[in-house]
Each structure stands twice: as C-alpha cells, then as structure tokens.
file target.csv (CSV, C-alpha atoms)
chain,number,residue,atom,x,y,z
L,1151,MET,CA,-165.1,51.8,-170.3
L,1152,THR,CA,-163.2,49.1,-172.1
L,1153,ILE,CA,-161.6,46.0,-170.6
L,1154,ILE,CA,-158.8,44.3,-172.4
L,1155,VAL,CA,-158.0,40.6,-172.1
L,1156,THR,CA,-154.7,39.4,-173.5
L,1157,GLY,CA,-154.5,35.6,-174.2
L,1158,ALA,CA,-158.3,35.9,-174.6
L,1159,ALA,CA,-158.6,32.8,-176.8
L,1160,GLY,CA,-156.5,30.7,-174.3
L,1161,PHE,CA,-157.8,28.7,-171.4
L,1162,ILE,CA,-157.6,31.2,-168.6
L,1163,GLY,CA,-158.3,34.3,-170.8
L,1164,ALA,CA,-161.4,32.8,-172.3
L,1165,ASN,CA,-162.7,31.9,-168.9
L,1166,ILE,CA,-162.1,35.5,-167.7
L,1167,VAL,CA,-164.0,36.8,-170.7
L,1168,GLN,CA,-166.9,34.4,-169.9
L,1169,ALA,CA,-166.9,35.6,-166.3
L,1170,LEU,CA,-166.9,39.2,-167.3
L,1171,ASN,CA,-169.8,38.6,-169.7
L,1172,ALA,CA,-171.7,36.9,-166.9
L,1173,ARG,CA,-171.3,40.1,-164.9
L,1174,GLY,CA,-172.7,42.2,-167.8
L,1175,GLU,CA,-169.4,43.3,-169.3
L,1176,LYS,CA,-169.5,43.3,-173.0
L,1177,ASN,CA,-167.1,46.1,-173.9
L,1178,ILE,CA,-164.1,43.7,-174.1
L,1179,ILE,CA,-161.2,43.7,-176.5
L,1180,ALA,CA,-159.7,40.3,-177.0
L,1181,VAL,CA,-156.0,40.0,-177.8
L,1182,ASP,CA,-154.3,36.8,-178.8
L,1183,ASP,CA,-152.3,34.9,-181.4
L,1184,LEU,CA,-154.7,32.6,-183.2
L,1185,ARG,CA,-152.0,30.1,-184.1
L,1186,PRO,CA,-153.2,27.4,-184.0
L,1187,ALA,CA,-156.4,28.7,-185.5
L,1188,ASP,CA,-158.7,26.3,-183.5
L,1189,LYS,CA,-158.3,28.5,-180.4
L,1190,TYR,CA,-161.0,30.7,-181.9
L,1191,ARG,CA,-163.5,28.2,-180.5
L,1192,ASN,CA,-162.8,29.6,-177.1
L,1193,LEU,CA,-164.2,33.0,-178.2
L,1194,ALA,CA,-167.0,31.9,-180.4
L,1195,ASP,CA,-169.7,32.0,-177.7
L,1196,LEU,CA,-168.4,35.1,-175.9
L,1197,ASP,CA,-169.2,38.8,-176.3
L,1198,ILE,CA,-166.3,41.0,-177.3
L,1199,ILE,CA,-166.2,44.2,-179.3
L,1200,ASP,CA,-162.9,43.7,-181.1
L,1201,TYR,CA,-160.1,41.2,-181.6
L,1202,LEU,CA,-156.5,42.2,-182.2
L,1203,ASP,CA,-153.5,40.0,-182.8
L,1204,LYS,CA,-150.9,40.3,-180.0
L,1205,ASP,CA,-148.3,41.7,-182.4
L,1206,GLU,CA,-150.5,44.7,-183.4
L,1207,PHE,CA,-152.0,45.3,-179.9
L,1208,LEU,CA,-149.3,47.1,-178.1
L,1209,GLU,CA,-148.9,49.9,-180.6
L,1210,ALA,CA,-152.7,50.3,-180.8
L,1211,PHE,CA,-152.9,50.6,-177.0
L,1212,ARG,CA,-150.0,52.9,-176.8
L,1213,SER,CA,-151.5,55.3,-179.3
L,1214,GLY,CA,-154.7,55.6,-177.3
L,1215,ARG,CA,-156.9,53.9,-179.9
L,1216,PHE,CA,-159.2,52.3,-177.3
L,1217,GLY,CA,-160.0,55.5,-175.4
L,1218,LYS,CA,-160.3,55.1,-171.6
L,1219,VAL,CA,-159.4,51.6,-170.6
L,1220,ARG,CA,-160.5,50.4,-167.1
L,1221,ALA,CA,-158.3,47.3,-166.8
L,1222,VAL,CA,-156.1,44.9,-168.6
L,1223,PHE,CA,-156.2,41.2,-167.7
L,1224,HIS,CA,-152.8,40.0,-169.1
L,1225,GLU,CA,-153.1,36.2,-169.5
L,1226,GLY,CA,-151.2,36.1,-172.8
L,1227,ALA,CA,-147.9,34.2,-172.7
L,1228,CYS,CA,-146.2,31.1,-173.9
L,1229,SER,CA,-147.1,28.7,-171.1
L,1230,ASP,CA,-145.2,25.7,-172.5
L,1231,THR,CA,-142.8,24.7,-169.8
L,1232,MET,CA,-141.0,22.5,-172.3
L,1233,GLU,CA,-140.1,25.5,-174.5
L,1234,THR,CA,-136.3,25.8,-174.8
L,1235,ASP,CA,-136.0,28.9,-177.0
L,1236,GLY,CA,-134.9,31.4,-174.4
L,1237,ILE,CA,-134.9,34.4,-176.8
L,1238,PHE,CA,-138.5,33.7,-177.8
L,1239,MET,CA,-139.6,33.1,-174.2
L,1240,MET,CA,-138.1,36.3,-172.8
L,1241,ALA,CA,-139.4,38.4,-175.7
L,1242,ASN,CA,-142.9,36.9,-175.5
L,1243,ASN,CA,-143.3,36.6,-171.8
L,1244,PHE,CA,-141.0,39.1,-170.1
L,1245,ARG,CA,-140.4,42.0,-172.6
L,1246,TYR,CA,-144.0,42.0,-173.9
L,1247,THR,CA,-145.3,42.2,-170.3
L,1248,MET,CA,-142.8,45.0,-169.5
L,1249,ASP,CA,-144.0,47.0,-172.5
L,1250,LEU,CA,-147.6,46.4,-171.4
L,1251,LEU,CA,-146.8,47.6,-167.9
L,1252,ASP,CA,-145.2,50.8,-169.2
L,1253,ILE,CA,-148.4,51.6,-171.3
L,1254,CYS,CA,-150.7,50.8,-168.3
L,1255,THR,CA,-148.6,53.0,-166.1
L,1256,ALA,CA,-148.6,55.9,-168.6
L,1257,GLN,CA,-152.4,55.7,-169.0
L,1258,ASN,CA,-153.1,54.8,-165.4
L,1259,VAL,CA,-154.8,51.5,-166.3
L,1260,GLN,CA,-155.1,48.6,-163.8
L,1261,LEU,CA,-153.0,45.6,-164.8
L,1262,LEU,CA,-153.9,42.1,-163.6
L,1263,TYR,CA,-151.3,39.7,-164.9
L,1264,ALA,CA,-150.6,36.0,-164.9
L,1265,SER,CA,-147.4,35.1,-163.0
L,1266,SER,CA,-146.9,31.4,-162.2
L,1267,ALA,CA,-146.2,28.9,-159.5
L,1268,ALA,CA,-143.2,28.0,-161.8
L,1269,THR,CA,-141.4,31.0,-160.1
L,1270,TYR,CA,-140.9,28.8,-157.1
L,1271,GLY,CA,-139.3,26.0,-159.0
L,1272,GLY,CA,-139.0,22.7,-157.1
L,1273,SER,CA,-139.5,24.3,-153.7
L,1274,ASP,CA,-142.1,23.0,-151.3
L,1275,ILE,CA,-142.3,26.4,-149.6
L,1276,PHE,CA,-144.5,28.8,-151.3
L,1277,ILE,CA,-143.6,32.1,-149.7
L,1278,GLU,CA,-143.4,35.2,-151.8
L,1279,SER,CA,-139.8,36.1,-151.1
L,1280,ARG,CA,-136.6,35.9,-153.1
L,1281,GLU,CA,-135.0,33.1,-151.2
L,1282,HIS,CA,-137.9,30.7,-152.0
L,1283,GLU,CA,-138.1,31.6,-155.7
L,1284,LYS,CA,-135.9,29.3,-157.8
L,1285,PRO,CA,-137.3,28.8,-161.3
L,1286,LEU,CA,-136.3,25.5,-163.0
L,1287,ASN,CA,-136.8,26.5,-166.6
L,1288,ILE,CA,-137.0,29.5,-168.9
L,1289,TYR,CA,-140.8,29.8,-168.6
L,1290,GLY,CA,-140.5,30.1,-164.8
L,1291,TYR,CA,-137.6,32.5,-165.1
L,1292,SER,CA,-139.6,34.7,-167.6
L,1293,LYS,CA,-142.4,35.0,-165.0
L,1294,PHE,CA,-140.0,35.4,-162.1
L,1295,LEU,CA,-138.1,38.2,-163.7
L,1296,PHE,CA,-141.2,40.3,-164.2
L,1297,ASP,CA,-142.3,39.6,-160.6
L,1298,GLN,CA,-138.9,40.9,-159.5
L,1299,VAL,CA,-139.4,44.1,-161.5
L,1300,MET,CA,-142.8,44.7,-159.9
L,1301,ARG,CA,-141.3,43.9,-156.4
L,1302,LYS,CA,-138.7,46.6,-157.0
L,1303,ARG,CA,-141.2,49.2,-158.3
L,1304,PHE,CA,-143.5,48.6,-155.4
L,1305,ALA,CA,-140.6,49.0,-152.9
L,1306,GLU,CA,-139.6,52.3,-154.6
L,1307,LYS,CA,-143.3,53.4,-155.0
L,1308,SER,CA,-142.4,54.1,-158.6
L,1309,ASN,CA,-145.5,52.6,-160.3
L,1310,SER,CA,-148.6,54.7,-160.5
L,1311,ALA,CA,-151.0,52.1,-161.9
L,1312,GLN,CA,-152.6,49.4,-159.8
L,1313,VAL,CA,-150.9,46.1,-160.6
L,1314,VAL,CA,-151.8,42.6,-159.3
L,1315,GLY,CA,-150.0,39.4,-160.2
L,1316,PHE,CA,-151.5,35.9,-159.8
L,1317,ARG,CA,-149.2,32.9,-159.3
L,1318,TYR,CA,-151.4,30.2,-160.7
L,1319,PHE,CA,-151.0,26.6,-159.4
L,1320,ASN,CA,-152.3,23.6,-161.5
L,1321,VAL,CA,-155.2,25.4,-163.1
L,1322,TYR,CA,-157.7,23.3,-164.9
L,1323,GLY,CA,-161.3,23.5,-166.3
L,1324,PRO,CA,-163.3,24.3,-169.4
L,1325,ARG,CA,-161.7,25.7,-172.5
L,1326,GLU,CA,-158.3,24.1,-172.2
L,1327,SER,CA,-158.7,21.3,-174.8
L,1328,HIS,CA,-156.6,23.3,-177.4
L,1329,LYS,CA,-153.5,23.0,-175.1
L,1330,GLY,CA,-152.8,19.4,-176.2
L,1331,GLN,CA,-150.0,17.9,-174.1
L,1332,MET,CA,-149.8,21.1,-172.0
L,1333,ALA,CA,-153.4,20.7,-170.8
L,1334,SER,CA,-153.8,20.0,-167.1
L,1335,VAL,CA,-153.4,16.6,-165.5
L,1336,ALA,CA,-157.1,16.7,-164.6
L,1337,PHE,CA,-158.0,17.2,-168.2
L,1338,HIS,CA,-155.9,14.3,-169.4
L,1339,GLN,CA,-157.3,12.1,-166.7
L,1340,TYR,CA,-160.9,12.5,-168.1
L,1341,HIS,CA,-160.2,13.0,-171.9
call {"tool": "encode", "arguments": {"input": "target.csv", "output": "structure tokens"}}
result
Amino acid sequence: MTIIVTGAAGFIGANIVQALNARGEKNIIAVDDLRPADKYRNLADLDIIDYLDKDEFLEAFRSGRFGKVRAVFHEGACSDTMETDGIFMMANNFRYTMDLLDICTAQNVQLLYASSAATYGGSDIFIESREHEKPLNIYGYSKFLFDQVMRKRFAEKSNSAQVVGFRYFNVYGPRESHKGQMASVAFHQYH
C-alpha cells in the first residue's frame, strides 16, 4: 500500500521519507511545492514512486487515483513564523489540512500531521488544553485552529480515520539547509 508524505522535500518531510526508506518502504508519493527549486536536493537520494505538486495533489487523492493509501504524513505547510499574509497562511496551513482531513476520513486513511509548539505562544506551560494555548502569530493560529477542530471531532467521536498531531518544538537536523533564516538555531550555530 501507498504512503503519502506532504512537505516531502522539506526538512521534516524528507527525514520522514528517509526513515520510511530505511524501514523498507519504497511505495511513497512525495507531495510538495518546489519553490524554491533547490528543495529537490532533499529528495534526490530518496526512493519515491511519484511526485505531485501540492496544488494538484488534493484532487488526485480525492479521486482515488492512488488506490488504497495506508497513511498520510502531512508535514507540508508554510512554517515561516514571520509570514504576515493571513489569507495565505490560513488557506495554506488550515484550509488545506481541513481538506486533507476530509479526504482521509472519507477513505479511512491514517493522518499524521504537523501541529506546532507555536500553538502555545509565549506560555511556559505546555499542557494540551485551551487555557494554555495562546498563539502569538498567524502561523501559530493556523496550527491552533486545526488542533481545535480535531479536539472537537474527537470529543464528538465524529472522525472515523485515525489522526495524530505532533506539536514540534525546536526541531533541527539534516536536510534543513534550504530554510535559510528559518533554519534552526542549532543549524545557524554550526553553519
């Protein structure tokens, strides 16, 4: 069965593809936006069976083009915490993820998605509850809002697909050089 990784040419997505390859998984569809084009380097040494641009992916997935899909690792998003275009950020991070969730639910596909520690804002208490979640920017809010939708669906038991969100904190490692100023503090310390 197929595994889909969105944001596959990005830092976390490419590392997920690499880890899947190391476990013998080769039937992987990579989804991303290759602007800037140099992100392709993160995929060049990895085994995938197909690549789709993020703008064509949702309709292809919705149509059943990929057959039975085992899981979607959704790492694709604008992770620039300095982005101020709220319309773009909400369409790219929130609405796209909602559409993907609806497709995964309809096809009973596991969804493992990237949330963010940015949902907590400036808090020093990291408890997964509404009173401790105070995003400071549109990026954090775009992730926060999807988490709230999932929280509601879980409470109502209205989601049939298995869904897991990861609130990443200060992630760093190989394959992040394309991120420029948004690369981790650790990366900038040594490069």
call {"tool": "residues_around", "arguments": {"input": "target.csv", "residues": "region 1224-1228 of chain L", "least_positions_apart": "3", "cutoff": "7 Å", "atoms": "only C-alpha atoms", "output": "list in words"}}
result
Val1155, Thr1156, Gly1157, Ile1162, Gly1163, Asp1182, Met1239, Asn1242, Asn1243, Leu1262, Tyr1263 and Ala1264 of chain L
call {"tool": "residues_around", "arguments": {"input": "target.csv", "residues": "region 1199-1209 of chain L", "least_positions_apart": "5", "cutoff": "8 Å", "atoms": "all atoms listed in the file", "output": "count of residues only"}}
result
12
call {"tool": "closest_residue", "arguments": {"input": "target.csv", "among": "L:Lys1307, L:Arg1317, L:Arg1220, L:Arg1191", "to": "Thr1269 (chain L)", "atoms": "only C-alpha atoms"}}
result
L:Arg1317
call {"tool": "atom_distance", "arguments": {"input": "target.csv", "atom1": "CA of Leu1295 (chain L)", "atom2": "CA of Val1321 (chain L)"}}
result
21.4 Å
call {"tool": "atom_distance", "arguments": {"input": "target.csv", "atom1": "CA of Lys1218 (chain L)", "atom2": "CA of Gln1257 (chain L)"}}
result
8.3 Å
call {"tool": "closest_residue", "arguments": {"input": "target.csv", "among": "L:Thr1231, L:Ser1273, L:Ser1292, L:Asn1287", "to": "Phe1244 (chain L)", "atoms": "all atoms listed in the file"}}
result
L:Ser1292
call {"tool": "build_atoms", "arguments": {"input": "target.csv", "residues": "region 1171-1196 of chain L", "atoms": "N, CA and C atoms", "output": "tab-separated table (two decimals), in the frame of the given file"}}
result
chain	number	residue	atom	x	y	z
L	1171	ASN	N	-168.47	38.57	-169.06
L	1171	ASN	CA	-169.80	38.60	-169.70
L	1171	ASN	C	-170.89	38.25	-168.76
L	1172	ALA	N	-170.68	37.28	-167.89
L	1172	ALA	CA	-171.70	36.90	-166.90
L	1172	ALA	C	-172.03	38.03	-165.95
L	1173	ARG	N	-171.08	38.95	-165.79
L	1173	ARG	CA	-171.30	40.10	-164.90
L	1173	ARG	C	-171.79	41.32	-165.71
L	1174	GLY	N	-172.15	41.09	-166.97
L	1174	GLY	CA	-172.70	42.20	-167.80
L	1174	GLY	C	-171.69	42.94	-168.59
L	1175	GLU	N	-170.43	42.57	-168.51
L	1175	GLU	CA	-169.40	43.30	-169.30
L	1175	GLU	C	-169.34	42.79	-170.69
L	1176	LYS	N	-169.55	43.69	-171.63
L	1176	LYS	CA	-169.50	43.30	-173.00
L	1176	LYS	C	-168.48	44.14	-173.82
L	1177	ASN	N	-168.02	45.24	-173.25
L	1177	ASN	CA	-167.10	46.10	-173.90
L	1177	ASN	C	-165.65	45.61	-173.69
L	1178	ILE	N	-165.38	44.46	-174.30
L	1178	ILE	CA	-164.10	43.70	-174.10
L	1178	ILE	C	-163.38	43.61	-175.39
L	1179	ILE	N	-162.10	43.95	-175.34
L	1179	ILE	CA	-161.20	43.70	-176.50
L	1179	ILE	C	-160.40	42.49	-176.20
L	1180	ALA	N	-160.47	41.54	-177.12
L	1180	ALA	CA	-159.70	40.30	-177.00
L	1180	ALA	C	-158.43	40.40	-177.79
L	1181	VAL	N	-157.35	40.00	-177.15
L	1181	VAL	CA	-156.00	40.00	-177.80
L	1181	VAL	C	-155.45	38.62	-177.69
L	1182	ASP	N	-154.92	38.12	-178.80
L	1182	ASP	CA	-154.30	36.80	-178.80
L	1182	ASP	C	-153.54	36.57	-180.06
L	1183	ASP	N	-152.96	35.41	-180.17
L	1183	ASP	CA	-152.30	34.90	-181.40
L	1183	ASP	C	-153.06	33.64	-181.74
L	1184	LEU	N	-153.82	33.71	-182.81
L	1184	LEU	CA	-154.70	32.60	-183.20
L	1184	LEU	C	-153.90	31.54	-184.02
L	1185	ARG	N	-152.74	31.19	-183.57
L	1185	ARG	CA	-152.00	30.10	-184.10
L	1185	ARG	C	-151.81	29.10	-182.93
L	1186	PRO	N	-152.40	27.98	-182.91
L	1186	PRO	CA	-153.20	27.40	-184.00
L	1186	PRO	C	-154.62	28.04	-184.02
L	1187	ALA	N	-155.18	28.02	-185.20
L	1187	ALA	CA	-156.40	28.70	-185.50
L	1187	ALA	C	-157.61	28.17	-184.65
L	1188	ASP	N	-157.55	26.91	-184.23
L	1188	ASP	CA	-158.70	26.30	-183.50
L	1188	ASP	C	-158.96	26.97	-182.17
L	1189	LYS	N	-158.06	27.81	-181.68
L	1189	LYS	CA	-158.30	28.50	-180.40
L	1189	LYS	C	-159.51	29.47	-180.54
L	1190	TYR	N	-159.88	29.85	-181.77
L	1190	TYR	CA	-161.00	30.70	-181.90
L	1190	TYR	C	-162.27	30.17	-181.26
L	1191	ARG	N	-162.35	28.85	-181.15
L	1191	ARG	CA	-163.50	28.20	-180.50
L	1191	ARG	C	-163.76	28.71	-179.12
L	1192	ASN	N	-162.69	29.07	-178.43
L	1192	ASN	CA	-162.80	29.60	-177.10
L	1192	ASN	C	-163.51	30.95	-177.02
L	1193	LEU	N	-163.53	31.65	-178.15
L	1193	LEU	CA	-164.20	33.00	-178.20
L	1193	LEU	C	-165.53	32.97	-178.88
L	1194	ALA	N	-165.86	31.93	-179.59
L	1194	ALA	CA	-167.00	31.90	-180.40
L	1194	ALA	C	-168.35	32.18	-179.71
L	1195	ASP	N	-168.46	31.77	-178.47
L	1195	ASP	CA	-169.70	32.00	-177.70
L	1195	ASP	C	-169.62	33.14	-176.74
L	1196	LEU	N	-168.60	33.97	-176.88
L	1196	LEU	CA	-168.40	35.10	-175.90
L	1196	LEU	C	-168.65	36.42	-176.61
